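Engineer: The structure under discussion is supplied below as structure tokens; questions concerning it will follow.
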There are 2 protein chains.
Amino acid sequence: MNLDHTFAALADPTRRAILARLALGEATVGELSAPFPISGPAISRHLRVLEEAALIERQKDGQHRRIRLAPAAMAGAAEWIEAQRAYWSGTLDRLNEHLKKTSQDGGGTTHD
Amino acid sequence: MNLDHTFAALADPTRRAILARLALGEATVGELSAPFPISGPAISRHLRVLEEAALIERQKDGQHRRIRLAPAAMAGAAEWIEAQRAYWSGTLDRLNEHLKKTSQDGGGTTHD
DNA sequence: CTTGTATTTAACAAAGTTGTTATTTAACAT
DNA sequence: ATGTTAAATAACAACTTTGTTAAATACAAG
């Protein structure tokens, strides 16, 4: 659960598309490759990046590998952002309060 | 509001720390630099990455530049993740329903 | 106007990323 | 055994990232 790896993994559109596909259900490497104009090895690497980021799990199934989401890591990323937002909106609340107390006109910035 | 840029910007711990600092309130480049063991130019570049990702705004203030959060971009990232989660948990719900309908024992996978 | 302070830009090196094609490994089918 | 298919690994090129130090820009202040 390393946010560096998680966010870096999410920064690539091919990998986000793979995750979006996996949200619909598990798939094999070949099925994941099909929609993309890039080579198999390139997909294999993307999957490795996603696996190292703990965003997916691979399961051997005969000749195939079955890939599925492992959403804990993505939840970790979401939590970081939400914590950030909590702080930030807290700051705004404090700012609003401060402005109400110290001036007659300001403090009207809306959020959320 | 490009998710590539947003997630890439969030993938660096220095940049996340800068954002965390900014959630507490705006700051100058110098103030943001202080806690980090890296050079000014390195920070300047991190700020550029954050600005290109629309995560911060710079405002000229005499000799200083005042940096503040521009949280819309981060909200965009959060939304992508949440949409993802919505799909995924929808899939699980459908799976649970399916298992309830078609078997006697399965369907107990928890989520959320 | 000269000097100091804040910040950015330039030039560069080291490391990482993302794609390619060729090769390898493993399971399957004949 | 042999050939086929699924997937991973190796070797490589092109590009990007992240840091460095040195120079440039812009404001402030004596």
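As shown in the structure tokens, the chain order sets the letters A, B, ...; within each chain, residues go from 1, and ligands are also counted from 1 in the order they appear.
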Please list as a list in words every residue within 9 Å of stretch 7-21 of chain D, counting only C-alpha atoms (C1' of nucleotides) and excluding residues in the same chain fewer than 2 positions away.
Structural biologist: Val29, Gly30, Gly40, Pro41, Ser44, Gln63, His64 and Arg65 of chain A; Ile38, Ser39, Ala42 and Arg45 of chain B; DC12, DA13, DA14, DA15, DG16, DT17, DT18, DG19, DT20, DA22, DT23, DT24, DT25 and DA26 of chain C
Engineer: Select from chain B every residue with an atom at most 12 Å from any atom of chain A, then for each give the shortest pair of atoms and their distance in Å to one decimal, using only C-alpha atoms, rows by chain and rising number, as CSV.
Structural biologist:
```
residue,atom,partner,partner_atom,distance
B:Asn2,CA,A:Ala11,CA,9.8
B:Leu3,CA,A:Ala11,CA,6.9
B:Asp4,CA,A:Ala11,CA,4.6
B:His5,CA,A:Ala11,CA,6.9
B:Thr6,CA,A:Ala11,CA,7.4
B:Phe7,CA,A:Ala11,CA,4.6
B:Ala8,CA,A:Ala11,CA,4.9
B:Ala9,CA,A:Phe7,CA,8.3
B:Leu10,CA,A:Phe7,CA,6.0
B:Ala11,CA,A:Phe7,CA,4.6
B:Asp12,CA,A:Asp4,CA,6.0
B:Pro13,CA,A:Asp4,CA,6.7
B:Thr14,CA,A:Asp4,CA,10.2
B:Arg15,CA,A:Asp4,CA,10.5
B:Arg16,CA,A:Asp4,CA,9.4
B:Ala17,CA,A:Gln84,CA,10.4
B:Ile18,CA,A:Gln84,CA,11.2
B:Leu19,CA,A:Gln84,CA,8.0
B:Ala20,CA,A:Gln84,CA,6.5
B:Arg21,CA,A:Gln84,CA,9.7
B:Leu22,CA,A:Trp88,CA,8.0
B:Ala23,CA,A:Trp88,CA,4.5
B:Leu24,CA,A:Thr91,CA,6.1
B:Gly25,CA,A:Thr91,CA,6.8
B:Glu26,CA,A:Thr91,CA,10.2
B:Ala53,CA,A:Ala11,CA,11.5
B:Leu55,CA,A:Ile81,CA,11.9
B:Arg68,CA,A:Trp88,CA,10.6
B:Leu69,CA,A:Trp88,CA,8.4
B:Ala70,CA,A:Trp88,CA,10.3
B:Pro71,CA,A:Arg85,CA,7.9
B:Ala72,CA,A:Arg85,CA,10.4
B:Ala73,CA,A:Ile81,CA,10.8
B:Met74,CA,A:Ile81,CA,7.1
B:Ala75,CA,A:Ile81,CA,8.0
B:Gly76,CA,A:Ile81,CA,10.3
B:Ala77,CA,A:Ile81,CA,8.2
B:Ala78,CA,A:Ala78,CA,5.9
B:Glu79,CA,A:Ala78,CA,8.9
B:Trp80,CA,A:Arg16,CA,9.4
B:Ile81,CA,A:Ala78,CA,6.5
B:Glu82,CA,A:Ala78,CA,7.6
B:Ala83,CA,A:Ala20,CA,9.3
B:Gln84,CA,A:Ala20,CA,6.5
B:Arg85,CA,A:Ala23,CA,7.7
B:Ala86,CA,A:Ala23,CA,8.8
B:Tyr87,CA,A:Ala23,CA,5.8
B:Trp88,CA,A:Ala23,CA,4.5
B:Ser89,CA,A:Ala23,CA,8.2
B:Gly90,CA,A:Leu24,CA,8.6
B:Thr91,CA,A:Leu24,CA,6.1
B:Leu92,CA,A:Gly25,CA,8.8
B:Asp93,CA,A:Leu24,CA,11.5
B:Arg94,CA,A:Leu24,CA,10.3
B:Leu95,CA,A:Gly25,CA,9.5
B:His111,CA,A:Pro71,CA,9.9
B:Asp112,CA,A:Ala75,CA,10.0
```
Engineer: Can you move chain B onto chain A by a least-squares fit over all C-alpha atoms paired in order, then give me the moved copy as a PDB file with C-alpha atoms, in the first residue's frame?
Structural biologist:
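Output below, filename selection.pdb:
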```pdb
ATOM      1  CA  MET B   1       0.027  -0.004   0.000  1.00  0.00           C
ATOM      2  CA  ASN B   2       2.491   2.601  -1.233  1.00  0.00           C
ATOM      3  CA  LEU B   3       0.835   5.775  -2.477  1.00  0.00           C
ATOM      4  CA  ASP B   4       3.775   6.509  -4.770  1.00  0.00           C
ATOM      5  CA  HIS B   5       3.154   3.279  -6.619  1.00  0.00           C
ATOM      6  CA  THR B   6      -0.602   3.621  -6.514  1.00  0.00           C
ATOM      7  CA  PHE B   7      -0.757   7.106  -7.978  1.00  0.00           C
ATOM      8  CA  ALA B   8       1.984   6.346 -10.493  1.00  0.00           C
ATOM      9  CA  ALA B   9       0.028   3.304 -11.627  1.00  0.00           C
ATOM     10  CA  LEU B  10      -3.121   5.398 -11.993  1.00  0.00           C
ATOM     11  CA  ALA B  11      -1.283   8.027 -14.025  1.00  0.00           C
ATOM     12  CA  ASP B  12      -1.319   5.948 -17.206  1.00  0.00           C
ATOM     13  CA  PRO B  13      -4.477   5.922 -19.357  1.00  0.00           C
ATOM     14  CA  THR B  14      -3.926   2.357 -20.548  1.00  0.00           C
ATOM     15  CA  ARG B  15      -3.722   1.193 -16.952  1.00  0.00           C
ATOM     16  CA  ARG B  16      -6.807   3.179 -15.968  1.00  0.00           C
ATOM     17  CA  ALA B  17      -8.667   1.609 -18.877  1.00  0.00           C
ATOM     18  CA  ILE B  18      -7.541  -1.830 -17.726  1.00  0.00           C
ATOM     19  CA  LEU B  19      -8.831  -1.101 -14.247  1.00  0.00           C
ATOM     20  CA  ALA B  20     -12.098   0.189 -15.659  1.00  0.00           C
ATOM     21  CA  ARG B  21     -12.436  -3.029 -17.640  1.00  0.00           C
ATOM     22  CA  LEU B  22     -11.685  -5.078 -14.547  1.00  0.00           C
ATOM     23  CA  ALA B  23     -14.330  -3.230 -12.562  1.00  0.00           C
ATOM     24  CA  LEU B  24     -16.799  -4.993 -14.853  1.00  0.00           C
ATOM     25  CA  GLY B  25     -15.385  -8.370 -13.881  1.00  0.00           C
ATOM     26  CA  GLU B  26     -12.208 -10.406 -13.982  1.00  0.00           C
ATOM     27  CA  ALA B  27     -10.486 -11.153 -17.283  1.00  0.00           C
ATOM     28  CA  THR B  28      -7.481 -12.901 -18.755  1.00  0.00           C
ATOM     29  CA  VAL B  29      -4.411 -11.068 -20.002  1.00  0.00           C
ATOM     30  CA  GLY B  30      -5.469 -11.726 -23.583  1.00  0.00           C
ATOM     31  CA  GLU B  31      -8.920 -10.286 -22.989  1.00  0.00           C
ATOM     32  CA  LEU B  32      -7.392  -7.226 -21.411  1.00  0.00           C
ATOM     33  CA  SER B  33      -4.959  -6.826 -24.294  1.00  0.00           C
ATOM     34  CA  ALA B  34      -7.549  -7.009 -27.036  1.00  0.00           C
ATOM     35  CA  PRO B  35      -8.875  -3.426 -26.956  1.00  0.00           C
ATOM     36  CA  PHE B  36      -5.421  -1.845 -27.077  1.00  0.00           C
ATOM     37  CA  PRO B  37      -3.213  -1.179 -30.080  1.00  0.00           C
ATOM     38  CA  ILE B  38      -0.064  -2.051 -28.161  1.00  0.00           C
ATOM     39  CA  SER B  39       1.905  -5.281 -27.963  1.00  0.00           C
ATOM     40  CA  GLY B  40       1.353  -8.116 -25.495  1.00  0.00           C
ATOM     41  CA  PRO B  41       4.584  -7.452 -23.653  1.00  0.00           C
ATOM     42  CA  ALA B  42       3.566  -3.829 -23.172  1.00  0.00           C
ATOM     43  CA  ILE B  43       0.316  -4.962 -21.569  1.00  0.00           C
ATOM     44  CA  SER B  44       2.192  -7.496 -19.484  1.00  0.00           C
ATOM     45  CA  ARG B  45       4.312  -4.691 -18.103  1.00  0.00           C
ATOM     46  CA  HIS B  46       1.297  -2.539 -17.349  1.00  0.00           C
ATOM     47  CA  LEU B  47      -0.127  -5.466 -15.434  1.00  0.00           C
ATOM     48  CA  ARG B  48       3.098  -5.797 -13.533  1.00  0.00           C
ATOM     49  CA  VAL B  49       2.954  -2.137 -12.566  1.00  0.00           C
ATOM     50  CA  LEU B  50      -0.644  -2.579 -11.442  1.00  0.00           C
ATOM     51  CA  GLU B  51       0.289  -5.662  -9.463  1.00  0.00           C
ATOM     52  CA  GLU B  52       3.236  -3.967  -7.782  1.00  0.00           C
ATOM     53  CA  ALA B  53       0.857  -1.186  -6.855  1.00  0.00           C
ATOM     54  CA  ALA B  54      -1.414  -3.866  -5.367  1.00  0.00           C
ATOM     55  CA  LEU B  55      -4.241  -2.739  -7.622  1.00  0.00           C
ATOM     56  CA  ILE B  56      -4.749  -6.152  -9.194  1.00  0.00           C
ATOM     57  CA  GLU B  57      -4.168  -9.810  -8.397  1.00  0.00           C
ATOM     58  CA  ARG B  58      -3.192 -12.540 -10.821  1.00  0.00           C
ATOM     59  CA  GLN B  59      -4.344 -16.078 -10.489  1.00  0.00           C
ATOM     60  CA  LYS B  60      -2.934 -18.857 -12.611  1.00  0.00           C
ATOM     61  CA  ASP B  61      -5.630 -20.757 -14.446  1.00  0.00           C
ATOM     62  CA  GLY B  62      -4.136 -23.343 -16.780  1.00  0.00           C
ATOM     63  CA  GLN B  63      -2.663 -21.576 -19.739  1.00  0.00           C
ATOM     64  CA  HIS B  64      -4.286 -18.316 -18.757  1.00  0.00           C
ATOM     65  CA  ARG B  65      -3.857 -15.851 -15.961  1.00  0.00           C
ATOM     66  CA  ARG B  66      -7.027 -14.545 -14.477  1.00  0.00           C
ATOM     67  CA  ILE B  67      -6.732 -10.914 -13.418  1.00  0.00           C
ATOM     68  CA  ARG B  68      -9.002  -9.290 -10.894  1.00  0.00           C
ATOM     69  CA  LEU B  69      -9.192  -6.012  -9.021  1.00  0.00           C
ATOM     70  CA  ALA B  70      -7.655  -5.741  -5.575  1.00  0.00           C
ATOM     71  CA  PRO B  71      -9.316  -2.487  -4.650  1.00  0.00           C
ATOM     72  CA  ALA B  72      -7.691  -1.865  -1.260  1.00  0.00           C
ATOM     73  CA  ALA B  73      -4.842   0.064  -2.850  1.00  0.00           C
ATOM     74  CA  MET B  74      -7.215   2.287  -4.773  1.00  0.00           C
ATOM     75  CA  ALA B  75      -9.138   2.887  -1.565  1.00  0.00           C
ATOM     76  CA  GLY B  76      -5.845   4.006  -0.037  1.00  0.00           C
ATOM     77  CA  ALA B  77      -5.420   6.598  -2.780  1.00  0.00           C
ATOM     78  CA  ALA B  78      -8.997   7.773  -2.356  1.00  0.00           C
ATOM     79  CA  GLU B  79      -8.439   8.111   1.368  1.00  0.00           C
ATOM     80  CA  TRP B  80      -5.375  10.260   0.905  1.00  0.00           C
ATOM     81  CA  ILE B  81      -7.318  12.585  -1.354  1.00  0.00           C
ATOM     82  CA  GLU B  82     -10.277  12.691   1.009  1.00  0.00           C
ATOM     83  CA  ALA B  83      -8.046  13.404   4.012  1.00  0.00           C
ATOM     84  CA  GLN B  84      -6.526  16.175   1.985  1.00  0.00           C
ATOM     85  CA  ARG B  85      -9.928  17.565   1.163  1.00  0.00           C
ATOM     86  CA  ALA B  86     -10.998  17.333   4.785  1.00  0.00           C
ATOM     87  CA  TYR B  87      -8.049  19.457   5.838  1.00  0.00           C
ATOM     88  CA  TRP B  88      -8.529  21.905   3.063  1.00  0.00           C
ATOM     89  CA  SER B  89     -12.229  22.391   3.655  1.00  0.00           C
ATOM     90  CA  GLY B  90     -11.481  22.643   7.364  1.00  0.00           C
ATOM     91  CA  THR B  91      -9.155  25.484   6.512  1.00  0.00           C
ATOM     92  CA  LEU B  92     -11.855  27.160   4.508  1.00  0.00           C
ATOM     93  CA  ASP B  93     -14.338  26.746   7.344  1.00  0.00           C
ATOM     94  CA  ARG B  94     -11.859  28.316   9.716  1.00  0.00           C
ATOM     95  CA  LEU B  95     -11.280  31.102   7.230  1.00  0.00           C
ATOM     96  CA  ASN B  96     -14.984  31.739   6.849  1.00  0.00           C
ATOM     97  CA  GLU B  97     -15.415  31.817  10.592  1.00  0.00           C
ATOM     98  CA  HIS B  98     -12.514  34.176  10.961  1.00  0.00           C
ATOM     99  CA  LEU B  99     -13.873  36.497   8.296  1.00  0.00           C
ATOM    100  CA  LYS B 100     -17.314  36.478   9.864  1.00  0.00           C
ATOM    101  CA  LYS B 101     -15.803  37.469  13.165  1.00  0.00           C
ATOM    102  CA  THR B 102     -13.433  40.130  11.888  1.00  0.00           C
ATOM    103  CA  SER B 103     -15.145  41.902   8.986  1.00  0.00           C
ATOM    104  CA  GLN B 104     -18.548  42.947   7.743  1.00  0.00           C
ATOM    105  CA  ASP B 105     -18.454  41.958   4.076  1.00  0.00           C
ATOM    106  CA  GLY B 106     -16.090  39.029   3.391  1.00  0.00           C
ATOM    107  CA  GLY B 107     -16.315  35.348   4.082  1.00  0.00           C
ATOM    108  CA  GLY B 108     -18.497  34.345   1.185  1.00  0.00           C
ATOM    109  CA  THR B 109     -16.158  31.865  -0.499  1.00  0.00           C
ATOM    110  CA  THR B 110     -18.112  28.748  -1.297  1.00  0.00           C
ATOM    111  CA  HIS B 111     -16.756  25.283  -1.223  1.00  0.00           C
ATOM    112  CA  ASP B 112     -18.116  21.731  -1.574  1.00  0.00           C
TER     113      ASP B 112
END
```
Engineer: Taking only C-alpha atoms (C1' of nucleotides) into account, find every residue of chain C that has an atom no more than 12 Å from chain B, and write it out as number ranges by chain.
Structural biologist: C: 5-10
Engineer: So what do you get for atom C1' of D:DA22 versus atom C1' of C:DG4, distance-wise?
Structural biologist: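 Interatomic distance, atom C1' of D:DA22 to atom C1' of C:DG4: 17.7 Å.
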Engineer: Using the chain letters and numbers from this document, which residues of chain B does DSSP assign to strand (DSSP E), as a VMD selection string?
Structural biologist: chain B and resid 27 to 28 56 to 61 64 to 69
Engineer: With C-alpha atoms kept, could you save the residues just selected as an mmCIF file, in the first residue's frame?
Structural biologist:
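Generated file (selection-v6.cif):
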```
data_model
loop_
_atom_site.group_PDB
_atom_site.id
_atom_site.type_symbol
_atom_site.label_atom_id
_atom_site.label_comp_id
_atom_site.auth_asym_id
_atom_site.auth_seq_id
_atom_site.Cartn_x
_atom_site.Cartn_y
_atom_site.Cartn_z
ATOM 1 C CA ALA B 27 2.421 29.771 1.389
ATOM 2 C CA THR B 28 5.297 31.232 -0.574
ATOM 3 C CA ILE B 56 -2.186 24.734 -7.373
ATOM 4 C CA GLU B 57 -2.325 28.373 -8.420
ATOM 5 C CA ARG B 58 0.462 30.915 -8.190
ATOM 6 C CA GLN B 59 -0.127 34.538 -7.496
ATOM 7 C CA LYS B 60 2.612 37.111 -7.794
ATOM 8 C CA ASP B 61 3.034 39.117 -4.625
ATOM 9 C CA HIS B 64 7.258 36.397 -3.575
ATOM 10 C CA ARG B 65 4.853 34.034 -5.222
ATOM 11 C CA ARG B 66 1.919 33.027 -3.140
ATOM 12 C CA ILE B 67 0.873 29.435 -3.767
ATOM 13 C CA ARG B 68 -2.550 28.091 -2.967
ATOM 14 C CA LEU B 69 -4.514 24.923 -3.587
#
```
Engineer: Just the residues within 12 Å of C:DT30, please, counting only C-alpha atoms (C1' of nucleotides), with nothing from its chain fewer than 6 positions along; format it as a count of residues only.
Structural biologist: 4
Engineer: Go through stretch 1-102 of chain A and collect every residue that DSSP, computed from the backbone, puts in helix (DSSP H, G or I); the answer should be as JSON, numbers by chain.
Structural biologist: {"A": [3, 4, 5, 6, 7, 8, 9, 10, 13, 14, 15, 16, 17, 18, 19, 20, 21, 22, 23, 29, 30, 31, 32, 33, 40, 41, 42, 43, 44, 45, 46, 47, 48, 49, 50, 51, 52, 72, 73, 74, 75, 76, 77, 78, 79, 80, 81, 82, 83, 84, 85, 86, 87, 88, 89, 90, 91, 92, 93, 94, 95, 96, 97, 98, 99, 100, 101, 102]}
Engineer: For C-alpha atoms, I'd like the residues from the last selection saved as a short mmCIF file (atom, residue, chain, number, x, y, z; two decimals), in the first residue's frame.
Structural biologist:
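Output (again.cif):
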```
data_model
loop_
_atom_site.label_atom_id
_atom_site.label_comp_id
_atom_site.auth_asym_id
_atom_site.auth_seq_id
_atom_site.Cartn_x
_atom_site.Cartn_y
_atom_site.Cartn_z
CA LEU A 3 0.80 5.77 -2.47
CA ASP A 4 3.73 6.52 -4.76
CA HIS A 5 3.13 3.28 -6.61
CA THR A 6 -0.63 3.62 -6.52
CA PHE A 7 -0.78 7.11 -7.98
CA ALA A 8 1.98 6.35 -10.49
CA ALA A 9 0.03 3.31 -11.64
CA LEU A 10 -3.12 5.40 -12.02
CA PRO A 13 -4.44 5.94 -19.38
CA THR A 14 -3.89 2.37 -20.56
CA ARG A 15 -3.70 1.21 -16.97
CA ARG A 16 -6.79 3.18 -16.00
CA ALA A 17 -8.62 1.62 -18.92
CA ILE A 18 -7.50 -1.82 -17.76
CA LEU A 19 -8.80 -1.09 -14.27
CA ALA A 20 -12.07 0.20 -15.70
CA ARG A 21 -12.40 -3.01 -17.68
CA LEU A 22 -11.66 -5.06 -14.58
CA ALA A 23 -14.30 -3.22 -12.61
CA VAL A 29 -4.38 -11.09 -20.01
CA GLY A 30 -5.42 -11.73 -23.60
CA GLU A 31 -8.87 -10.29 -23.03
CA LEU A 32 -7.35 -7.22 -21.43
CA SER A 33 -4.90 -6.83 -24.32
CA GLY A 40 1.41 -8.12 -25.49
CA PRO A 41 4.64 -7.46 -23.63
CA ALA A 42 3.60 -3.83 -23.15
CA ILE A 43 0.34 -4.98 -21.56
CA SER A 44 2.24 -7.49 -19.48
CA ARG A 45 4.34 -4.67 -18.10
CA HIS A 46 1.32 -2.54 -17.35
CA LEU A 47 -0.10 -5.47 -15.44
CA ARG A 48 3.12 -5.79 -13.54
CA VAL A 49 2.97 -2.13 -12.57
CA LEU A 50 -0.64 -2.57 -11.45
CA GLU A 51 0.30 -5.67 -9.48
CA GLU A 52 3.23 -3.95 -7.79
CA ALA A 72 -7.72 -1.88 -1.28
CA ALA A 73 -4.88 0.07 -2.86
CA MET A 74 -7.24 2.29 -4.79
CA ALA A 75 -9.17 2.87 -1.60
CA GLY A 76 -5.88 4.00 -0.05
CA ALA A 77 -5.46 6.59 -2.78
CA ALA A 78 -9.05 7.75 -2.37
CA GLU A 79 -8.49 8.07 1.36
CA TRP A 80 -5.42 10.24 0.90
CA ILE A 81 -7.37 12.58 -1.34
CA GLU A 82 -10.32 12.67 1.03
CA ALA A 83 -8.11 13.38 4.02
CA GLN A 84 -6.58 16.17 2.01
CA ARG A 85 -9.99 17.54 1.21
CA ALA A 86 -11.06 17.31 4.83
CA TYR A 87 -8.10 19.43 5.88
CA TRP A 88 -8.58 21.88 3.09
CA SER A 89 -12.28 22.37 3.70
CA GLY A 90 -11.52 22.64 7.39
CA THR A 91 -9.17 25.49 6.52
CA LEU A 92 -11.91 27.15 4.54
CA ASP A 93 -14.31 26.77 7.43
CA ARG A 94 -11.77 28.36 9.73
CA LEU A 95 -11.19 31.10 7.19
CA ASN A 96 -14.91 31.78 6.90
CA GLU A 97 -15.24 31.91 10.64
CA HIS A 98 -12.29 34.25 10.89
CA LEU A 99 -13.69 36.54 8.23
CA LYS A 100 -17.11 36.61 9.89
CA LYS A 101 -15.49 37.64 13.12
CA THR A 102 -13.12 40.25 11.75
#
```
